[in-house]
Structures are given as C-alpha cells and as structure tokens.
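Pasted below: model.cif, mmCIF, C-alpha atoms.
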```
data_work
loop_
_atom_site.label_atom_id
_atom_site.label_comp_id
_atom_site.auth_asym_id
_atom_site.auth_seq_id
_atom_site.Cartn_x
_atom_site.Cartn_y
_atom_site.Cartn_z
CA MET J 33 -31.16 48.97 115.64
CA PRO J 34 -28.15 48.05 113.49
CA ILE J 35 -24.56 48.95 114.22
CA LEU J 36 -22.19 49.89 111.40
CA PRO J 37 -18.45 49.23 110.99
CA PRO J 38 -16.21 51.78 112.73
CA TYR J 39 -14.36 54.25 110.54
CA LYS J 40 -11.60 56.82 110.97
CA ALA J 41 -12.63 60.44 111.38
CA THR J 42 -9.02 61.62 111.68
CA GLY J 43 -5.65 59.91 111.89
CA ASP J 44 -6.23 58.62 115.41
CA THR J 45 -9.95 59.12 116.10
CA TYR J 46 -12.55 56.52 115.20
CA VAL J 47 -16.32 56.82 114.88
CA LEU J 48 -18.35 53.89 116.21
CA PRO J 49 -21.65 54.43 114.39
CA SER J 50 -25.08 52.90 114.73
CA TYR J 51 -28.44 54.12 113.55
CA LEU J 52 -32.09 54.26 114.42
CA PRO J 53 -34.77 54.34 111.70
CA VAL J 54 -37.38 57.01 112.38
CA PRO J 55 -40.70 55.85 110.90
CA ASP J 56 -42.47 58.13 108.45
CA VAL J 57 -45.27 60.00 110.17
CA PRO J 58 -47.66 62.73 109.02
CA ALA J 59 -44.86 65.29 109.30
CA PRO J 60 -42.01 66.17 106.92
CA GLY J 61 -38.35 65.49 107.53
CA PHE J 62 -38.29 62.23 109.42
CA GLY J 63 -35.81 59.59 108.23
CA THR J 64 -32.80 58.07 109.95
CA ILE J 65 -30.84 59.20 112.97
CA VAL J 66 -27.28 58.07 113.55
CA VAL J 67 -25.99 57.38 117.05
CA ASN J 68 -22.21 57.83 117.20
CA SER J 69 -19.65 57.09 119.86
CA TYR J 70 -15.99 58.00 119.38
CA LEU J 71 -12.61 56.51 120.29
CA ILE J 72 -9.62 58.88 120.54
CA MET J 73 -6.44 56.81 120.30
CA ALA J 74 -4.32 59.19 122.36
CA GLN J 75 -1.42 57.98 124.49
CA GLU J 76 -4.15 57.47 127.10
CA PRO J 77 -7.07 56.37 124.89
CA VAL J 78 -10.45 58.03 125.42
CA LEU J 79 -13.84 56.46 124.65
CA VAL J 80 -16.57 59.08 124.16
CA ASP J 81 -19.96 57.51 125.03
CA THR J 82 -20.92 53.83 125.01
CA GLY J 83 -23.70 53.36 122.48
CA MET J 84 -27.35 52.35 122.76
CA PRO J 85 -28.56 49.55 125.08
CA VAL J 86 -30.28 47.76 122.19
CA ILE J 87 -26.96 47.20 120.37
CA LYS J 88 -24.85 46.61 123.48
CA GLU J 89 -23.24 43.32 122.42
CA ALA J 90 -22.47 44.50 118.89
CA PHE J 91 -21.10 47.81 120.23
CA LEU J 92 -18.71 46.00 122.57
CA GLU J 93 -17.53 43.70 119.76
CA SER J 94 -16.87 46.74 117.57
CA LEU J 95 -15.09 48.65 120.33
CA TRP J 96 -12.81 45.81 121.41
CA SER J 97 -11.85 45.19 117.76
CA LEU J 98 -10.13 48.60 117.93
CA ILE J 99 -8.56 48.52 121.38
CA ASP J 100 -7.69 46.03 124.10
CA PRO J 101 -9.86 46.75 127.16
CA LYS J 102 -6.83 46.95 129.44
CA ASP J 103 -5.47 49.83 127.32
CA LEU J 104 -8.54 52.08 127.65
CA SER J 105 -7.73 54.95 130.02
CA TRP J 106 -10.80 57.23 129.92
CA ILE J 107 -14.55 56.99 129.39
CA PHE J 108 -15.89 60.46 128.62
CA LEU J 109 -19.67 60.72 128.83
CA THR J 110 -21.15 63.59 126.87
CA HIS J 111 -24.26 63.10 129.01
CA ASP J 112 -26.28 60.45 130.81
CA ASP J 113 -29.03 59.71 128.25
CA GLY J 114 -29.57 56.02 127.49
CA ASP J 115 -28.38 56.21 123.88
CA HIS J 116 -25.00 57.41 125.18
CA THR J 117 -24.59 55.01 128.14
CA GLY J 118 -25.90 51.71 126.78
CA ALA J 119 -22.79 49.60 127.43
CA LEU J 120 -21.35 51.76 130.20
CA MET J 121 -21.17 49.16 132.96
CA GLU J 122 -19.83 46.47 130.62
CA VAL J 123 -17.04 48.81 129.49
CA ILE J 124 -16.27 49.77 133.08
CA ASP J 125 -16.04 46.09 134.07
CA ALA J 126 -13.89 45.13 131.07
CA ALA J 127 -11.50 48.10 131.37
CA PRO J 128 -10.46 48.19 135.05
CA GLN J 129 -8.02 51.07 134.72
CA ALA J 130 -10.40 53.38 132.82
CA ARG J 131 -11.66 56.44 134.67
CA ILE J 132 -15.08 57.91 133.93
CA ILE J 133 -15.52 61.63 133.25
CA THR J 134 -18.80 63.47 133.76
CA GLN J 135 -20.11 66.57 135.48
CA PHE J 136 -21.19 66.29 139.12
CA VAL J 137 -24.87 66.39 138.16
CA GLY J 138 -24.11 63.65 135.63
CA LEU J 139 -22.80 61.43 138.42
CA ALA J 140 -25.97 62.05 140.42
CA ARG J 141 -28.18 61.23 137.42
CA LEU J 142 -26.21 58.09 136.57
CA GLU J 143 -26.81 56.83 140.10
CA THR J 144 -30.53 56.55 139.31
CA ALA J 145 -29.74 53.72 136.88
CA TYR J 146 -26.33 52.34 137.90
CA HIS J 147 -24.18 51.84 140.98
CA MET J 148 -21.26 53.90 139.78
CA PRO J 149 -17.70 53.17 141.01
CA VAL J 150 -17.24 56.58 142.60
CA ASP J 151 -13.53 55.97 143.21
CA ARG J 152 -13.06 55.80 139.42
CA MET J 153 -15.04 58.94 138.64
CA ARG J 154 -13.53 62.27 137.69
CA VAL J 155 -15.82 65.29 137.81
CA LEU J 156 -15.01 67.88 135.13
CA ASN J 157 -17.15 70.88 134.24
CA PRO J 158 -17.21 73.05 131.09
CA GLY J 159 -14.04 75.13 131.14
CA ASP J 160 -11.96 72.30 132.62
CA SER J 161 -9.50 70.09 130.76
CA PHE J 162 -7.65 66.82 131.28
CA SER J 163 -4.49 65.16 130.02
CA ALA J 164 -4.69 62.09 127.79
CA GLY J 165 -0.90 61.68 127.96
CA ASP J 166 0.14 63.23 124.67
CA ARG J 167 -2.53 65.95 124.54
CA GLU J 168 -4.73 68.14 126.71
CA LEU J 169 -8.43 67.76 125.96
CA ALA J 170 -10.82 70.62 126.68
CA VAL J 171 -14.28 70.18 128.20
CA LEU J 172 -16.91 72.58 126.82
CA ARG J 173 -20.65 73.25 126.98
CA PRO J 174 -22.10 72.68 123.49
CA PRO J 175 -24.45 75.34 122.11
CA LEU J 176 -27.56 73.16 122.51
CA PHE J 177 -28.10 70.29 124.95
CA ASP J 178 -30.88 68.15 126.36
CA SER J 179 -29.32 67.29 129.74
CA PRO J 180 -27.89 69.56 132.45
CA ALA J 181 -24.88 67.22 132.50
CA THR J 182 -23.97 67.65 128.82
CA SER J 183 -20.35 68.32 127.89
CA ALA J 184 -18.52 68.53 124.59
CA ILE J 185 -14.87 67.60 124.17
CA PHE J 186 -12.26 69.32 121.97
CA ASP J 187 -9.00 67.75 120.87
CA PRO J 188 -6.62 70.54 119.72
CA THR J 189 -4.16 67.95 118.35
CA THR J 190 -6.57 66.82 115.63
CA GLY J 191 -9.02 69.73 115.67
CA MET J 192 -11.90 67.37 116.49
CA LEU J 193 -14.87 68.83 118.39
CA ILE J 194 -17.26 66.13 119.63
CA CYS J 195 -20.42 68.02 120.41
CA ALA J 196 -22.91 65.56 122.00
CA ASP J 197 -26.40 66.08 120.47
CA SER J 198 -25.64 69.55 119.06
CA PHE J 199 -25.42 69.71 115.25
CA GLY J 200 -27.40 66.48 114.88
CA SER J 201 -29.71 65.91 111.94
CA LEU J 202 -32.41 63.56 110.72
CA ILE J 203 -31.06 62.29 107.41
CA PRO J 204 -32.71 60.36 104.57
CA GLU J 205 -29.89 57.85 104.15
CA LEU J 206 -26.75 56.79 105.98
CA ALA J 207 -23.51 58.64 105.32
CA GLU J 208 -20.12 59.08 106.97
CA ASP J 209 -19.65 62.67 105.78
CA VAL J 210 -22.11 65.57 105.79
CA GLY J 211 -20.96 66.34 102.26
CA ASP J 212 -22.47 63.06 101.06
CA ILE J 213 -25.99 64.40 101.73
CA PRO J 214 -27.54 67.20 99.64
CA GLU J 215 -27.04 70.41 101.61
CA SER J 216 -30.70 71.49 101.66
CA VAL J 217 -31.80 68.02 102.75
CA PHE J 218 -29.22 67.84 105.53
CA TYR J 219 -30.13 71.25 106.95
CA ASP J 220 -33.87 70.56 106.81
CA GLY J 221 -33.17 67.59 109.07
CA PHE J 222 -30.71 69.68 111.11
CA TYR J 223 -33.31 72.33 111.96
CA LEU J 224 -35.91 69.70 112.75
CA PHE J 225 -33.66 67.62 115.01
CA ASN J 226 -32.11 70.51 116.94
CA ARG J 227 -35.49 72.14 117.56
CA LEU J 228 -37.18 68.89 118.59
CA ASN J 229 -34.35 67.76 120.83
CA HIS J 230 -33.66 71.15 122.47
CA PRO J 231 -37.08 72.84 122.79
CA TRP J 232 -35.74 75.59 125.05
CA PHE J 233 -34.10 77.16 121.97
CA ALA J 234 -37.18 79.38 121.60
CA LEU J 235 -36.32 81.13 124.91
CA VAL J 236 -32.76 82.00 123.91
CA ASP J 237 -31.36 85.52 123.58
CA PRO J 238 -29.83 85.40 120.07
CA SER J 239 -26.93 87.67 121.03
CA LYS J 240 -25.92 85.37 123.89
CA PHE J 241 -26.29 82.34 121.64
CA ASP J 242 -24.11 84.00 118.98
CA ALA J 243 -21.42 84.50 121.62
CA VAL J 244 -21.39 80.77 122.31
CA LEU J 245 -21.04 80.02 118.60
CA GLU J 246 -18.24 82.59 118.33
CA GLY J 247 -16.42 80.65 121.06
CA ILE J 248 -16.55 77.58 118.83
CA ARG J 249 -15.24 79.59 115.86
CA ARG J 250 -12.26 80.73 117.94
CA LEU J 251 -11.34 77.08 118.55
CA GLU J 252 -10.96 76.71 114.76
CA PRO J 253 -12.15 73.09 114.74
CA LYS J 254 -11.27 71.01 111.70
CA PHE J 255 -14.06 68.53 112.38
CA ILE J 256 -17.39 68.60 114.20
CA GLY J 257 -18.45 65.18 115.36
CA SER J 258 -22.05 65.18 116.49
CA CYS J 259 -23.32 62.07 118.25
CA HIS J 260 -26.33 62.28 115.90
CA ALA J 261 -25.00 63.29 112.47
CA PRO J 262 -22.33 62.38 109.93
CA LEU J 263 -18.94 64.03 110.31
CA ALA J 264 -18.57 67.69 109.32
CA ARG J 265 -15.13 68.60 107.97
CA SER J 266 -13.36 71.96 107.80
CA GLY J 267 -15.18 73.17 104.70
CA GLN J 268 -18.54 72.51 106.36
CA ILE J 269 -17.88 74.05 109.79
CA ASP J 270 -18.91 77.59 108.86
CA ALA J 271 -22.17 76.37 107.31
CA HIS J 272 -22.89 74.40 110.51
CA LEU J 273 -22.35 77.46 112.69
CA LYS J 274 -24.42 79.73 110.43
CA ALA J 275 -27.26 77.19 110.43
CA MET J 276 -27.11 76.86 114.21
CA ALA J 277 -27.24 80.67 114.58
CA LYS J 278 -30.65 80.72 112.84
CA ILE J 279 -32.32 78.39 115.32
CA PRO J 280 -33.20 80.85 118.13
CA SER J 281 -35.24 82.93 115.68
CA MET J 282 -37.30 79.94 114.60
CA GLY J 283 -40.63 79.42 116.28
CA PRO J 284 -41.49 76.38 118.40
CA LEU J 285 -42.32 73.20 116.50
CA ASP J 286 -45.69 71.54 116.44
CA LEU J 287 -44.81 68.28 118.15
CA PRO J 288 -45.94 64.89 116.81
CA ASP J 289 -49.09 63.78 118.62
CA GLN J 290 -51.24 60.68 119.01
CA ALA J 291 -52.21 60.86 115.35
CA ALA J 292 -48.50 60.57 114.48
CA LEU J 293 -48.20 57.49 116.69
CA ASP J 294 -51.29 56.00 115.07
CA GLY J 295 -49.63 56.53 111.70
CA ILE J 296 -46.52 54.67 112.86
CA LEU J 297 -48.62 51.78 114.17
CA ALA J 298 -50.49 51.62 110.89
CA GLN J 299 -47.19 51.32 109.03
CA ILE J 300 -45.94 48.58 111.32
CA SER J 301 -49.13 46.57 110.90
CA GLY J 302 -49.42 47.13 107.17
CA GLY J 303 -52.44 49.38 107.62
CA SER J 304 -54.45 47.45 110.22
CA GLY J 305 -53.60 49.88 113.01
CA HIS J 306 -52.33 47.10 115.28
CA PRO J 307 -48.72 45.95 115.42
CA HIS J 308 -48.04 42.30 114.67
#
```

Write the structure described by the file as structure tokens, please.
Amino acid sequence: MPILPPYKATGDTYVLPSYLPVPDVPAPGFGTIVVNSYLIMAQEPVLVDTGMPVIKEAFLESLWSLIDPKDLSWIFLTHDDGDHTGALMEVIDAAPQARIITQFVGLARLETAYHMPVDRMRVLNPGDSFSAGDRELAVLRPPLFDSPATSAIFDPTTGMLICADSFGSLIPELAEDVGDIPESVFYDGFYLFNRLNHPWFALVDPSKFDAVLEGIRRLEPKFIGSCHAPLARSGQIDAHLKAMAKIPSMGPLDLPDQAALDGILAQISGGSGHPH
C-alpha cells in the first residue's frame, strides 16, 4: 500500500496521498483508489485525517517532513474509519498540544478501538466552526457519507472544501488533479465509488439531495479535496456537483460476490485459485 510524496493543493494546504490498488474482478471500473490526508498550514496548523494503518510509519515520516510535531494544533477527523485513523494515536502522542476534533458519535466509535484522551477532544457538529488562529474553519455534513460521524471541513481563506469520502472515484492511474484523467473515465469511477461506498443513496429524495448540493455551491469552493480522489479545481467543481446530483436517480449496484473474490484469488495465484 504505497505512500506518495506530499504536494501542495493550495498555497498553504498540502495533500498527503497514498493509494490502494483494487484488483481487476469480473466487473467494470475497478482500478486504483487514492487515500488522502491533508495538512492546512494555518496559524494553528490542522491535520485532516491520519492515513491508513498499513502505511503508518511512512505516513508519519511524510507528515513530520512538513511540520514539527510540537507545532501541530488540531487533528480533524473526517470520520472514524480505519483508512482515516491509521496513525491517530502516534500523532496524538507526538503532538502533545494538538486537540482532536470529531462529532460526539465519532468519539464513542473511536473508543471501540482506542483509549482516547478525552481532555484533548473537541466535539463539533455540522454547522459548527472553529478558529485556527488566522481563519475560521467551517464544519459541514458532506452530501454522501459512510459513517454517522462524518464531517467535511471548509477553509474560506483558500476556498478548499475537504469532503471525506464524498466525490471519491476509482481511477485507472494515479494523478494529482482530476483534469489529468479523461473526464468520462473519471466519472465512470466516480459513479461506481460513490454508489458502492454510500449504498443508501438509492433511498434519497432527489429534491432534498439537490438542496445539500446547492449549499455547497453557495460556499463557492475553489477546490474540492476528496479523501479518495485527485484534487478538483475551480473549473471542475460544477461538473462534480452535476455528477453528484445524478446519483440518487441511479439504481442500486449489483455488489461483487464470491465469484469476484475467486477472480481476485486467481489473479494473485497466477490462475491456480490459491494465493501464494
């Protein structure tokens, strides 16, 4: 599960990318999924998510190449899934002044895996905001989510909206910018990922969903940073929102089954059906 070099999304916001190959199975659209964390170098720096457990050591090396642990002020968790909390306790231990932001249900869910330092926690819900010294960062509910504790974060100073799993895509090759992937290919992976990862989409009232997307439009973001897709810049935002608006009208997906797993095992073993 390789980690990639960090890169700048905006003047003071870095992407800490890694990726997970998705084996070809008897279904179209599978490829690679990126797993991004973000570092906002505000006056009080904010780390958004802490990577996957399987790349913990490399993630920490990459993170501390950008910032001294003692200077990190905030750890914002978009949600409690393992691919977003992999190095959480190591970051908490290394950065003693950093406070951890999640929703109350996120704190409860984290306690099933970690003994959280409750005195360092700050509970913020969608609609709240917090000061990072030189800017006020807004906490939002993204349009699609796979945890009841999911929050997005919007930085009005840079126009960066970091949207957890929303707007993710399965992509054929690695890229830093959505524009580096053919549009039709990106959105094929976009529809597949967002429907697989958020299966409740099929129950959504489209008019209510459109209202959520209109709320994002009113923010006028200059960037959308998904935790599972390359960066979308201002010229791509409208296409992202229009694509997202189509999802509630799409029918449920046929999920990969045991035959799909057998296909993966056959690939791993070179056709024998048993992994080495």

(request) Spell out the residues picked by the PyMOL selection byres ((chain J and resi 201-212) around 8) here, as JSON, numbers by chain. (result) {"J": [61, 62, 63, 64, 65, 66, 199, 200, 213, 214, 215, 217, 218, 219, 221, 222, 223, 224, 225, 226, 260, 261, 262, 263, 264, 265, 268]}

message: Taking 5 positions as the minimum chain separation for residues in the same chain, which residues sit within 7 Å of J:Tyr70 when counting all atoms listed in the file? Answer as a ChimeraX atom specification.
response: /J:45-48,79-81

Those residues you just picked out, can you put them in a file as a PDB file, keeping the file's coordinate frame with C-alpha atoms?
```
ATOM      1  CA  THR J  45      -9.950  59.120 116.100  1.00  0.00           C
ATOM      2  CA  TYR J  46     -12.550  56.520 115.200  1.00  0.00           C
ATOM      3  CA  VAL J  47     -16.320  56.820 114.880  1.00  0.00           C
ATOM      4  CA  LEU J  48     -18.350  53.890 116.210  1.00  0.00           C
ATOM      5  CA  LEU J  79     -13.840  56.460 124.650  1.00  0.00           C
ATOM      6  CA  VAL J  80     -16.570  59.080 124.160  1.00  0.00           C
ATOM      7  CA  ASP J  81     -19.960  57.510 125.030  1.00  0.00           C
TER       8      ASP J  81
END
```

Q. Where does the PyMOL selection byres ((chain J and resi 283) around 10) land in this file, that is, which residues does it pick, as a ChimeraX atom specification?
A. /J:227,231,233-235,279-282,284-286

Excluding J:Cys195 and residues on its chain fewer than 2 positions from it, collect all residues at most 8 Å away from it, counting all atoms listed in the file, and give them as a PyMOL selection string.
chain J and resi 110+174+183-185+193+197-199+256-259

Next on the checklist: Need the shell around J:Met153: protein/DNA/RNA residues with any atom at most 7 Å away, counting all atoms listed in the file. Skip same-chain ones fewer than 3 positions apart. Format as a list in words?
Outcome noted: Arg131, Ile132, Ile133, Pro149 and Val150 of chain J

Atom CA of J:Thr42 to atom CA of J:Gly165 measures 18.2 Å

*asked:* Given the PyMOL selection byres ((chain J and resi 122-129) around 12) and the file above, list the residues it selects as a ChimeraX atom specification.
replied: /J:76-83,85,88-89,91-93,95-96,99-108,117-121,130-133,146-153

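Each of J:Tyr39, J:Tyr51, J:Phe186, J:Phe177 was checked against J:Phe162 using only C-alpha atoms; the smallest atom-to-atom distance is that of J:Phe186.
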
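Of the listed residues (J:Arg173, J:Lys278, J:Ala196, J:Gln299), J:Lys278 comes nearest to J:Asp237; the distances count all atoms listed in the file.
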
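Coordinates place atom CA of J:Ser94 at a distance of 26.6 Å from atom CA of J:Ala181.
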
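Closest approach to J:Asp187 from the set J:Arg141, J:Lys254, J:His111, J:His230 is made by J:Lys254, with distances taken over all atoms listed in the file.
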
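Closest approach to J:Leu176 among J:Leu156, J:Leu245, J:Ala140, J:Met192: J:Leu245, based on only C-alpha atoms.
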
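With atom CA of J:Glu143 on one side and atom CA of J:Asp112 on the other, the separation reads 10.0 Å.
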
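Among the candidates J:Gly191, J:Leu273, J:Ala291, J:Ala41, the one nearest to J:Ala243 when counting only C-alpha atoms is J:Leu273.
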
* To do: Would you kindly return, as a VMD selection string, each protein, DNA or RNA residue with an atom no farther than 8 Å from any atom of J:Pro49, considering all atoms listed in the file and excluding same-chain residues fewer than 3 positions away?
  => chain J and resid 35 to 38 66 to 69

Enclose all atoms of stretch 84-101 of chain J listed in the file in an axis-aligned box, grow every side by 5 Å, and hand back centre and edge lengths in Å to one decimal, as AutoDock Vina command-line options.
```
--center_x -19.0 --center_y 47.8 --center_z 122.4 --size_x 32.6 --size_y 19.0 --size_z 19.6
```
